[in-house]
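Chemist: File target32.pdb below, PDB, C-alpha atoms and all ligand atoms:
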MODEL        1
ATOM      1  CA  VAL N   1    -238.577 150.140-172.137
ATOM      2  CA  SER N   2    -240.478 147.495-174.100
ATOM      3  CA  GLY N   3    -238.354 144.929-175.934
ATOM      4  CA  ALA N   4    -241.234 144.092-178.264
ATOM      5  CA  PHE N   5    -241.647 147.756-179.244
ATOM      6  CA  VAL N   6    -237.937 148.125-180.060
ATOM      7  CA  GLU N   7    -237.986 144.854-182.006
ATOM      8  CA  LYS N   8    -240.936 145.985-184.094
ATOM      9  CA  TYR N   9    -240.034 149.660-184.645
ATOM     10  CA  GLY N  10    -236.307 149.913-183.824
ATOM     11  CA  PRO N  11    -233.491 150.235-183.510
ATOM     12  CA  TRP N  12    -233.779 153.771-184.981
ATOM     13  CA  ALA N  13    -236.766 156.082-185.445
ATOM     14  CA  MET N  14    -236.740 159.191-187.600
ATOM     15  CA  ILE N  15    -238.756 162.257-186.672
ATOM     16  CA  ALA N  16    -239.042 164.750-189.518
ATOM     17  CA  GLY N  17    -239.688 168.090-187.818
ATOM     18  CA  ALA N  18    -238.404 167.088-184.402
ATOM     19  CA  SER N  19    -237.156 170.083-182.466
ATOM     20  CA  GLU N  20    -240.311 171.482-180.866
ATOM     21  CA  GLY N  21    -244.009 170.950-180.286
ATOM     22  CA  ILE N  22    -245.527 167.642-181.366
ATOM     23  CA  GLY N  23    -242.252 166.479-182.961
ATOM     24  CA  GLU N  24    -240.390 166.986-179.693
ATOM     25  CA  ALA N  25    -243.175 165.136-177.850
ATOM     26  CA  PHE N  26    -242.718 162.176-180.238
ATOM     27  CA  ALA N  27    -238.963 162.293-179.608
ATOM     28  CA  VAL N  28    -239.426 162.150-175.831
ATOM     29  CA  GLU N  29    -242.011 159.354-176.027
ATOM     30  CA  LEU N  30    -239.951 157.220-178.434
ATOM     31  CA  ALA N  31    -236.720 157.757-176.472
ATOM     32  CA  GLY N  32    -238.605 156.596-173.376
ATOM     33  CA  ARG N  33    -239.548 153.439-175.270
ATOM     34  CA  GLY N  34    -235.897 152.772-176.069
ATOM     35  CA  LEU N  35    -235.556 153.811-179.725
ATOM     36  CA  ASN N  36    -232.479 155.627-181.032
ATOM     37  CA  LEU N  37    -233.475 158.812-182.816
ATOM     38  CA  VAL N  38    -232.692 160.603-186.060
ATOM     39  CA  LEU N  39    -233.945 164.142-185.457
ATOM     40  CA  VAL N  40    -234.538 166.327-188.519
ATOM     41  CA  ALA N  41    -235.233 170.083-188.588
ATOM     42  CA  ARG N  42    -233.808 173.308-189.999
ATOM     43  CA  ARG N  43    -232.476 175.000-186.846
ATOM     44  CA  GLU N  44    -229.391 173.296-185.510
ATOM     45  CA  GLN N  45    -229.388 174.653-181.970
ATOM     46  CA  PRO N  46    -232.743 173.437-180.628
ATOM     47  CA  LEU N  47    -232.193 170.135-182.426
ATOM     48  CA  ASN N  48    -228.808 169.554-180.779
ATOM     49  CA  GLY N  49    -230.161 170.664-177.393
ATOM     50  CA  LEU N  50    -232.971 168.121-177.570
ATOM     51  CA  ALA N  51    -230.624 165.371-178.786
ATOM     52  CA  ALA N  52    -228.203 165.961-175.896
ATOM     53  CA  ARG N  53    -231.038 165.987-173.363
ATOM     54  CA  LEU N  54    -232.588 162.734-174.623
ATOM     55  CA  GLN N  55    -229.238 161.006-174.928
ATOM     56  CA  SER N  56    -228.378 161.597-171.295
ATOM     57  CA  GLN N  57    -231.898 161.093-169.922
ATOM     58  CA  PHE N  58    -232.737 157.858-171.732
ATOM     59  CA  ARG N  59    -229.295 156.544-172.696
ATOM     60  CA  ILE N  60    -230.194 156.232-176.352
ATOM     61  CA  GLN N  61    -228.186 157.231-179.426
ATOM     62  CA  THR N  62    -229.184 160.230-181.503
ATOM     63  CA  ARG N  63    -228.249 161.765-184.826
ATOM     64  CA  THR N  64    -229.299 165.259-185.826
ATOM     65  CA  VAL N  65    -229.858 166.137-189.475
ATOM     66  CA  VAL N  66    -230.107 169.847-190.243
ATOM     67  CA  LEU N  67    -232.186 169.888-193.385
ATOM     68  CA  ASP N  68    -235.127 171.689-194.953
ATOM     69  CA  LEU N  69    -237.715 169.019-195.734
ATOM     70  CA  GLY N  70    -238.781 171.124-198.726
ATOM     71  CA  ASP N  71    -235.275 170.766-200.231
ATOM     72  CA  ALA N  72    -235.279 169.794-203.910
ATOM     73  CA  ALA N  73    -232.662 167.124-203.149
ATOM     74  CA  LEU N  74    -234.482 165.765-200.059
ATOM     75  CA  ALA N  75    -234.373 162.128-201.199
ATOM     76  CA  GLU N  76    -230.605 162.129-201.778
ATOM     77  CA  LYS N  77    -229.786 164.159-198.658
ATOM     78  CA  ILE N  78    -231.890 162.099-196.254
ATOM     79  CA  THR N  79    -230.549 158.864-197.752
ATOM     80  CA  SER N  80    -226.919 159.875-197.374
ATOM     81  CA  ALA N  81    -227.459 161.247-193.844
ATOM     82  CA  THR N  82    -228.855 157.901-192.629
ATOM     83  CA  ARG N  83    -227.253 155.361-194.964
ATOM     84  CA  GLU N  84    -225.948 152.861-192.402
ATOM     85  CA  LEU N  85    -228.852 153.166-189.940
ATOM     86  CA  GLU N  86    -231.744 150.718-189.700
ATOM     87  CA  ILE N  87    -234.752 153.003-189.429
ATOM     88  CA  GLY N  88    -237.817 151.111-188.235
ATOM     89  CA  LEU N  89    -240.189 154.026-187.616
ATOM     90  CA  VAL N  90    -240.724 157.308-189.456
ATOM     91  CA  VAL N  91    -242.833 160.136-188.062
ATOM     92  CA  TYR N  92    -243.501 162.929-190.564
ATOM     93  CA  ASN N  93    -244.437 165.828-188.333
ATOM     94  CA  ALA N  94    -243.181 169.073-189.910
ATOM     95  CA  ALA N  95    -245.686 171.238-191.712
ATOM     96  CA  GLN N  96    -245.640 174.560-193.444
ATOM     97  CA  SER N  97    -248.778 176.640-192.984
ATOM     98  CA  PHE N  98    -250.203 179.968-194.033
ATOM     99  CA  ILE N  99    -253.236 181.695-192.589
ATOM    100  CA  GLY N 100    -254.954 184.156-194.898
ATOM    101  CA  SER N 101    -257.018 184.334-198.034
ATOM    102  CA  PHE N 102    -256.051 182.064-200.926
ATOM    103  CA  LEU N 103    -255.416 184.948-203.293
ATOM    104  CA  ALA N 104    -253.375 186.911-200.747
ATOM    105  CA  GLN N 105    -250.825 184.100-200.551
ATOM    106  CA  PRO N 106    -248.176 184.156-203.291
ATOM    107  CA  LEU N 107    -248.111 181.052-205.474
ATOM    108  CA  ALA N 108    -244.494 180.333-204.475
ATOM    109  CA  GLU N 109    -245.593 179.989-200.823
ATOM    110  CA  LYS N 110    -248.433 177.655-201.759
ATOM    111  CA  LEU N 111    -245.999 175.472-203.669
ATOM    112  CA  ARG N 112    -243.695 175.475-200.646
ATOM    113  CA  ILE N 113    -246.576 174.079-198.562
ATOM    114  CA  VAL N 114    -246.927 171.290-201.117
ATOM    115  CA  ASP N 115    -243.162 170.598-200.996
ATOM    116  CA  VAL N 116    -242.905 170.386-197.205
ATOM    117  CA  ASN N 117    -246.313 168.877-196.422
ATOM    118  CA  CYS N 118    -246.897 166.528-199.396
ATOM    119  CA  ARG N 119    -243.692 165.906-201.338
ATOM    120  CA  GLY N 120    -241.682 165.427-198.109
ATOM    121  CA  PRO N 121    -243.846 162.686-196.575
ATOM    122  CA  LEU N 122    -244.211 161.010-199.971
ATOM    123  CA  ILE N 123    -240.421 160.801-200.335
ATOM    124  CA  LEU N 124    -239.840 159.509-196.804
ATOM    125  CA  ALA N 125    -242.680 156.978-197.057
ATOM    126  CA  ASP N 126    -241.222 155.714-200.324
ATOM    127  CA  ILE N 127    -237.593 155.436-199.189
ATOM    128  CA  PHE N 128    -238.087 154.132-195.650
ATOM    129  CA  GLY N 129    -241.374 152.285-196.319
ATOM    130  CA  ARG N 130    -239.566 150.310-199.019
ATOM    131  CA  ALA N 131    -236.724 149.332-196.665
ATOM    132  CA  MET N 132    -239.187 148.442-193.893
ATOM    133  CA  ALA N 133    -241.321 146.307-196.212
ATOM    134  CA  ALA N 134    -238.172 144.406-197.252
ATOM    135  CA  ARG N 135    -237.516 143.706-193.540
ATOM    136  CA  GLY N 136    -241.170 142.838-192.917
ATOM    137  CA  ARG N 137    -241.558 145.193-189.970
ATOM    138  CA  GLY N 138    -241.704 148.875-189.050
ATOM    139  CA  GLY N 139    -244.041 151.861-188.875
ATOM    140  CA  VAL N 140    -244.903 155.116-190.647
ATOM    141  CA  ILE N 141    -246.854 157.906-188.922
ATOM    142  CA  LEU N 142    -248.072 160.873-190.977
ATOM    143  CA  LEU N 143    -249.365 163.899-189.074
ATOM    144  CA  THR N 144    -252.589 165.380-190.347
ATOM    145  CA  SER N 145    -255.235 167.710-188.978
ATOM    146  CA  LEU N 146    -258.961 168.180-188.359
ATOM    147  CA  ALA N 147    -258.638 170.811-191.100
ATOM    148  CA  ALA N 148    -258.136 167.910-193.554
ATOM    149  CA  LEU N 149    -261.676 166.601-193.076
ATOM    150  CA  GLN N 150    -263.363 169.277-195.215
ATOM    151  CA  GLY N 151    -262.473 172.402-197.161
ATOM    152  CA  SER N 152    -261.053 174.901-194.682
ATOM    153  CA  PRO N 153    -261.195 178.581-195.693
ATOM    154  CA  LEU N 154    -258.177 180.811-194.876
ATOM    155  CA  ILE N 155    -255.967 177.719-194.612
ATOM    156  CA  ALA N 156    -257.072 176.218-197.937
ATOM    157  CA  THR N 157    -253.712 174.939-199.200
ATOM    158  CA  TYR N 158    -252.524 173.749-195.785
ATOM    159  CA  ALA N 159    -255.802 171.851-195.204
ATOM    160  CA  ALA N 160    -255.628 170.277-198.667
ATOM    161  CA  SER N 161    -252.023 169.206-197.990
ATOM    162  CA  LYS N 162    -253.151 167.588-194.754
ATOM    163  CA  ALA N 163    -255.937 165.760-196.643
ATOM    164  CA  PHE N 164    -253.141 164.338-198.820
ATOM    165  CA  ASN N 165    -251.471 162.912-195.689
ATOM    166  CA  LEU N 166    -254.733 161.542-194.326
ATOM    167  CA  VAL N 167    -255.544 159.690-197.530
ATOM    168  CA  LEU N 168    -251.947 158.564-198.137
ATOM    169  CA  GLY N 169    -251.521 157.273-194.575
ATOM    170  CA  GLU N 170    -254.795 155.339-194.715
ATOM    171  CA  ALA N 171    -253.885 153.650-197.991
ATOM    172  CA  LEU N 172    -250.442 152.744-196.643
ATOM    173  CA  TRP N 173    -252.102 151.156-193.599
ATOM    174  CA  ASP N 174    -253.539 148.624-196.047
ATOM    175  CA  GLU N 175    -250.671 148.291-198.532
ATOM    176  CA  LEU N 176    -247.665 148.370-196.204
ATOM    177  CA  GLY N 177    -249.674 146.485-193.594
ATOM    178  CA  ARG N 178    -249.628 143.464-195.910
ATOM    179  CA  ALA N 179    -245.827 143.597-195.735
ATOM    180  CA  GLY N 180    -245.827 143.778-191.912
ATOM    181  CA  VAL N 181    -245.344 147.552-191.737
ATOM    182  CA  ASP N 182    -247.814 149.600-189.674
ATOM    183  CA  ALA N 183    -248.854 152.932-191.178
ATOM    184  CA  ILE N 184    -251.274 155.468-189.766
ATOM    185  CA  ALA N 185    -252.491 159.007-190.373
ATOM    186  CA  CYS N 186    -252.585 160.822-187.046
ATOM    187  CA  CYS N 187    -255.053 163.666-186.928
ATOM    188  CA  ALA N 188    -254.324 166.374-184.356
ATOM    189  CA  GLY N 189    -256.615 169.210-183.357
ATOM    190  CA  ALA N 190    -255.491 172.466-181.749
ATOM    191  CA  THR N 191    -252.327 171.606-179.796
ATOM    192  CA  ARG N 192    -250.278 173.914-177.566
ATOM    193  CA  THR N 193    -247.062 174.038-179.631
ATOM    194  CA  PRO N 194    -244.747 177.003-180.324
ATOM    195  CA  GLY N 195    -246.056 177.004-183.925
ATOM    196  CA  PHE N 196    -249.654 177.160-182.684
ATOM    197  CA  GLU N 197    -248.821 179.976-180.250
ATOM    198  CA  ARG N 198    -247.042 181.926-183.025
ATOM    199  CA  SER N 199    -250.271 181.907-185.068
ATOM    200  CA  LYS N 200    -251.879 183.951-182.224
ATOM    201  CA  PRO N 201    -255.371 182.443-182.365
ATOM    202  CA  ARG N 202    -258.198 184.365-180.688
ATOM    203  CA  GLY N 203    -260.612 182.035-178.916
ATOM    204  CA  GLY N 204    -261.283 178.652-180.477
ATOM    205  CA  PRO N 205    -261.005 175.321-178.693
ATOM    206  CA  THR N 206    -258.622 174.880-175.746
ATOM    207  CA  PRO N 207    -255.409 173.441-177.203
ATOM    208  CA  MET N 208    -254.213 169.974-176.167
ATOM    209  CA  ASP N 209    -250.913 169.113-174.551
ATOM    210  CA  PRO N 210    -248.486 167.931-177.292
ATOM    211  CA  ALA N 211    -247.553 164.861-175.193
ATOM    212  CA  GLN N 212    -251.033 163.417-175.795
ATOM    213  CA  VAL N 213    -250.415 163.106-179.547
ATOM    214  CA  PRO N 214    -247.646 160.451-179.594
ATOM    215  CA  VAL N 215    -249.318 158.434-176.837
ATOM    216  CA  GLU N 216    -252.592 158.105-178.763
ATOM    217  CA  ALA N 217    -250.876 157.728-182.157
ATOM    218  CA  LEU N 218    -248.693 154.861-180.925
ATOM    219  CA  ALA N 219    -251.649 153.183-179.214
ATOM    220  CA  ALA N 220    -253.534 153.179-182.540
ATOM    221  CA  LEU N 221    -250.536 152.300-184.760
ATOM    222  CA  GLY N 222    -251.163 149.000-186.540
ATOM    223  CA  ARG N 223    -254.775 148.900-185.373
ATOM    224  CA  ARG N 224    -256.461 151.531-187.539
ATOM    225  CA  PRO N 225    -255.781 153.446-190.789
ATOM    226  CA  SER N 226    -256.146 156.779-188.982
ATOM    227  CA  VAL N 227    -256.695 158.169-185.512
ATOM    228  CA  VAL N 228    -258.100 161.443-184.217
ATOM    229  CA  VAL N 229    -256.321 162.466-181.010
ATOM    230  CA  GLY N 230    -258.461 163.612-178.055
ATOM    231  CA  TRP N 231    -262.112 162.888-177.247
ATOM    232  CA  PHE N 232    -263.257 166.425-178.053
ATOM    233  CA  ASN N 233    -261.572 166.271-181.459
ATOM    234  CA  ARG N 234    -263.134 162.834-182.132
ATOM    235  CA  PHE N 235    -266.530 164.316-181.323
ATOM    236  CA  ALA N 236    -265.857 167.352-183.556
ATOM    237  CA  ALA N 237    -264.681 165.085-186.405
ATOM    238  CA  PHE N 238    -267.792 162.915-186.074
ATOM    239  CA  VAL N 239    -270.102 165.928-186.222
ATOM    240  CA  MET N 240    -268.292 167.561-189.156
ATOM    241  CA  VAL N 241    -267.964 164.420-191.280
ATOM    242  CA  ARG N 242    -270.989 162.297-190.401
ATOM    243  CA  LEU N 243    -273.686 164.737-189.321
ATOM    244  CA  PHE N 244    -273.229 167.973-191.255
ATOM    245  CA  PRO N 245    -273.663 168.394-195.005
ATOM    246  CA  ARG N 246    -270.347 169.411-196.651
ATOM    247  CA  LYS N 247    -271.692 172.919-197.225
ATOM    248  CA  THR N 248    -272.346 173.394-193.505
ATOM    249  CA  ALA N 249    -268.984 171.929-192.504
ATOM    250  CA  VAL N 250    -267.018 174.214-194.862
ATOM    251  CA  THR N 251    -269.021 177.275-193.764
ATOM    252  CA  ILE N 252    -268.419 176.510-190.075
ATOM    253  CA  MET N 253    -264.670 176.125-190.689
ATOM    254  CA  GLY N 254    -264.714 179.478-192.503
ATOM    255  CA  SER N 255    -266.535 181.369-189.773
ATOM    256  CA  GLN N 256    -264.315 179.859-187.072
ATOM    257  CA  ALA N 257    -261.134 180.779-188.995
ATOM    258  CA  ARG N 258    -262.389 184.339-189.564
ATOM    259  CA  ARG N 259    -263.242 184.694-185.865
ATOM    260  CA  MET N 260    -259.831 183.367-184.794
ATOM    261  CA  TYR N 261    -257.594 185.039-187.360
ATOM    262  CA  ALA N 262    -259.195 187.739-189.523
ATOM    263  CA  GLY N 263    -259.092 191.485-188.811
TER
HETATM  264  N1  LIG E 301    -250.255 172.542-183.388
HETATM  265  C1  LIG E 301    -251.492 172.343-183.768
HETATM  266  O1  LIG E 301    -252.419 172.969-183.256
HETATM  267  C2  LIG E 301    -251.806 171.322-184.832
HETATM  268  C3  LIG E 301    -253.141 171.063-185.162
HETATM  269  C4  LIG E 301    -253.417 170.130-186.135
HETATM  270  C5  LIG E 301    -252.396 169.444-186.767
HETATM  271  N2  LIG E 301    -251.092 169.711-186.447
HETATM  272  C6  LIG E 301    -250.040 169.020-187.172
HETATM  273  O2  LIG E 301    -249.054 168.564-186.271
HETATM  274  C7  LIG E 301    -247.768 168.683-186.850
HETATM  275  C8  LIG E 301    -246.836 169.440-185.924
HETATM  276  O3  LIG E 301    -247.316 170.716-185.652
HETATM  277  P1  LIG E 301    -246.542 171.687-184.676
HETATM  278  O4  LIG E 301    -247.491 172.753-184.296
HETATM  279  O5  LIG E 301    -245.870 170.901-183.607
HETATM  280  O6  LIG E 301    -245.369 172.363-185.483
HETATM  281  P2  LIG E 301    -244.780 172.634-186.924
HETATM  282  O7  LIG E 301    -244.532 174.102-186.944
HETATM  283  O8  LIG E 301    -245.594 172.040-187.976
HETATM  284  O9  LIG E 301    -243.419 171.824-186.872
HETATM  285  C9  LIG E 301    -242.476 172.113-185.965
HETATM  286  C10 LIG E 301    -241.220 171.254-186.141
HETATM  287  O10 LIG E 301    -240.945 170.958-187.512
HETATM  288  C11 LIG E 301    -239.721 171.562-187.922
HETATM  289  N3  LIG E 301    -239.901 172.048-189.297
HETATM  290  C12 LIG E 301    -240.844 172.894-189.759
HETATM  291  N4  LIG E 301    -240.674 173.109-191.075
HETATM  292  C13 LIG E 301    -239.608 172.358-191.456
HETATM  293  C14 LIG E 301    -238.930 172.186-192.696
HETATM  294  N5  LIG E 301    -239.311 172.809-193.801
HETATM  295  N6  LIG E 301    -237.871 171.338-192.717
HETATM  296  C15 LIG E 301    -237.445 170.721-191.596
HETATM  297  N7  LIG E 301    -238.055 170.854-190.408
HETATM  298  C16 LIG E 301    -239.120 171.683-190.341
HETATM  299  C17 LIG E 301    -239.489 172.680-186.896
HETATM  300  O11 LIG E 301    -238.129 172.974-186.684
HETATM  301  P3  LIG E 301    -237.336 174.095-187.552
HETATM  302  O12 LIG E 301    -238.201 175.322-187.514
HETATM  303  O13 LIG E 301    -236.044 174.245-186.855
HETATM  304  O14 LIG E 301    -237.191 173.536-188.926
HETATM  305  C18 LIG E 301    -240.063 172.044-185.646
HETATM  306  O15 LIG E 301    -239.146 171.139-185.076
HETATM  307  C19 LIG E 301    -247.963 169.340-188.214
HETATM  308  O16 LIG E 301    -247.947 168.333-189.200
HETATM  309  C20 LIG E 301    -249.326 169.966-188.136
HETATM  310  O17 LIG E 301    -249.961 170.000-189.387
HETATM  311  C21 LIG E 301    -250.782 170.646-185.490
ENDMDL
END
Rewrite the structure of this file - the entire thing - as structure tokens.

Modeler:
Amino acid sequence: VSGAFVEKYGPWAMIAGASEGIGEAFAVELAGRGLNLVLVARREQPLNGLAARLQSQFRIQTRTVVLDLGDAALAEKITSATRELEIGLVVYNAAQSFIGSFLAQPLAEKLRIVDVNCRGPLILADIFGRAMAARGRGGVILLTSLAALQGSPLIATYAASKAFNLVLGEALWDELGRAGVDAIACCAGATRTPGFERSKPRGGPTPMDPAQVPVEALAALGRRPSVVVGWFNRFAAFVMVRLFPRKTAVTIMGSQARRMYAG
């Protein structure tokens, strides 16, 4: 347990979308570094199971908040659930996704992606970023994706929502950074999470271990506006953004998505 880490980002961290996959990996990593945890997700049982496990393993305090991050009253509900806690680090991990053609997805589902993936992080960054800036310390980590680096057919709305997080997180690195608060957009590639497995991809890159994501995100926090996790993903991002024309990059994303998911 690092005293300096707890002083900068403690005593409480919030993980929005905490009960499995990358969110759970953040919870384990942050508990190991001595932070108390507010764990947010919709399903109560896995959330409480994780909280009990971390509490006994790392002797930290936890609070579970059963809440849909797409809730219309998110700002009020998250404020009242955490009112007396000093939250020094927020990780916005949850994401809603849909794989399929743009026109096949009902508009209501697209708007739900915007609520969970864009409106949610915006609200949390505003509420907790404001409190952190007033204290002159803290951190905000927004999860994004390699899909955010160019138009991504068959996951168009999801990818665009992740671009929102990439651009927002980078700007906050500068703005909040001036107030002593570290912000970063953390770009994951294929990662072996329950959500990833449920999407039943065929082929594609070998998924990473979720535990790698928090380790690399925390190492980069405060140092860079954004980080791509994993050397293979950094290579892929470099090729897609710096070497290929946009047209080629979008077409490659489309043919990969069709190979992995269509038919
Ligand atoms: N896995 C990958 O291959 C991959 C690749 C690139 C980027 N990413 C990014 O990494 C992040 C995490 O991905 P992931 O695969 O671990 O899983 P995920 O399915 O995005 O999120 C899982 C966690 O978030 C909670 N959650 C989901 N929707 C929620 C909602 N509306 N309200 C409250 N909690 C919600 C889930 O619990 P409940 O179901 O109980 O609510 C669960 O704890 C996402 O931002 C994603 O875009 C993942």

Chemist: Find the residues near ligand LIG 301 (chain E). Use a cut-off of 8 Å, count all atoms listed in the file, and write them as an NGL selection string.

Modeler: :N and (16-24 or 40-44 or 46-47 or 66-71 or 92-97 or 116-117 or 142-147 or 158 or 162 or 187-196 or 207-208 or 210)

Chemist: Would you put the residues from that selection into a file with C-alpha atoms, as a compact mmCIF listing (two decimals), in the frame of the given file?

Modeler:
# COMPACT_ATOMS: atom_id res chain seq x y z
CA ALA N 16 -239.04 164.75 -189.52
CA GLY N 17 -239.69 168.09 -187.82
CA ALA N 18 -238.40 167.09 -184.40
CA SER N 19 -237.16 170.08 -182.47
CA GLU N 20 -240.31 171.48 -180.87
CA GLY N 21 -244.01 170.95 -180.29
CA ILE N 22 -245.53 167.64 -181.37
CA GLY N 23 -242.25 166.48 -182.96
CA GLU N 24 -240.39 166.99 -179.69
CA VAL N 40 -234.54 166.33 -188.52
CA ALA N 41 -235.23 170.08 -188.59
CA ARG N 42 -233.81 173.31 -190.00
CA ARG N 43 -232.48 175.00 -186.85
CA GLU N 44 -229.39 173.30 -185.51
CA PRO N 46 -232.74 173.44 -180.63
CA LEU N 47 -232.19 170.14 -182.43
CA VAL N 66 -230.11 169.85 -190.24
CA LEU N 67 -232.19 169.89 -193.38
CA ASP N 68 -235.13 171.69 -194.95
CA LEU N 69 -237.72 169.02 -195.73
CA GLY N 70 -238.78 171.12 -198.73
CA ASP N 71 -235.28 170.77 -200.23
CA TYR N 92 -243.50 162.93 -190.56
CA ASN N 93 -244.44 165.83 -188.33
CA ALA N 94 -243.18 169.07 -189.91
CA ALA N 95 -245.69 171.24 -191.71
CA GLN N 96 -245.64 174.56 -193.44
CA SER N 97 -248.78 176.64 -192.98
CA VAL N 116 -242.90 170.39 -197.20
CA ASN N 117 -246.31 168.88 -196.42
CA LEU N 142 -248.07 160.87 -190.98
CA LEU N 143 -249.36 163.90 -189.07
CA THR N 144 -252.59 165.38 -190.35
CA SER N 145 -255.24 167.71 -188.98
CA LEU N 146 -258.96 168.18 -188.36
CA ALA N 147 -258.64 170.81 -191.10
CA TYR N 158 -252.52 173.75 -195.78
CA LYS N 162 -253.15 167.59 -194.75
CA CYS N 187 -255.05 163.67 -186.93
CA ALA N 188 -254.32 166.37 -184.36
CA GLY N 189 -256.62 169.21 -183.36
CA ALA N 190 -255.49 172.47 -181.75
CA THR N 191 -252.33 171.61 -179.80
CA ARG N 192 -250.28 173.91 -177.57
CA THR N 193 -247.06 174.04 -179.63
CA PRO N 194 -244.75 177.00 -180.32
CA GLY N 195 -246.06 177.00 -183.92
CA PHE N 196 -249.65 177.16 -182.68
CA PRO N 207 -255.41 173.44 -177.20
CA MET N 208 -254.21 169.97 -176.17
CA PRO N 210 -248.49 167.93 -177.29

Chemist: Quick one: apply the PyMOL selection byres (((chain N and resi 31) around 10) and not hetatm) to the file and drop the selected residues here as a list in words.

Modeler: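 So the PyMOL selection byres (((chain N and resi 31) around 10) and not hetatm) ends up selecting Val1, Trp12, Ala13, Ala25, Phe26, Ala27, Val28, Glu29, Leu30, Gly32, Arg33, Gly34, Leu35, Asn36, Leu37, Leu54, Gln55, Gln57, Phe58, Arg59, Ile60, Gln61 and Thr62 of chain N.
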
Chemist: Which of these, N:Val215, N:Ala257, N:Ala4, N:Cys186, has the shortest distance to N:Val227 once you count all atoms listed in the file?

Modeler: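 The answer is N:Cys186, which sits nearest to N:Val227.
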
Chemist: Kindly resolve the PyMOL selection byres (((chain N and resi 262) around 10) and not hetatm) on the present coordinates and return the residues as number ranges by chain.

Modeler: N: 99-101, 154, 201-202, 255-261, 263

Chemist: Carefully work through the PyMOL selection byres (((chain N and resi 156) around 12) and not hetatm) for this structure and note down the residues it includes, as a PyMOL selection string.

Modeler: chain N and resi 97-105+110+113-114+147-155+157-163+250+253-254+257

Chemist: If I take atom CA of N:Tyr9 and atom CA of N:Arg224, how far is one from the other in Å, to one decimal?

Modeler: 16.8 Å

Chemist: Could you give me, as a count of residues only, the residues within 9 Å of N:Gly88, counting all atoms listed in the file and dropping anything in the same chain fewer than 2 positions from it?

Modeler: 19

Chemist: Suppose you want the space between atom CA of N:Val181 and atom CA of N:Gly222; what is it in Å?

Modeler: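 These atoms are spaced 7.9 Å apart.
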
Chemist: What's the separation between atom CA of N:Cys118 and atom CA of N:Gly169, in Å to one decimal place?

Modeler: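 Taking atom CA of N:Cys118 and atom CA of N:Gly169, their separation equals 11.4 Å.
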
Chemist: Rank nothing, just name the residue among N:Pro225, N:Pro214, N:Gly180, N:Pro106 nearest to N:Ile15, using all atoms listed in the file.

Modeler: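 Smallest distance to N:Ile15 is found for N:Pro214.
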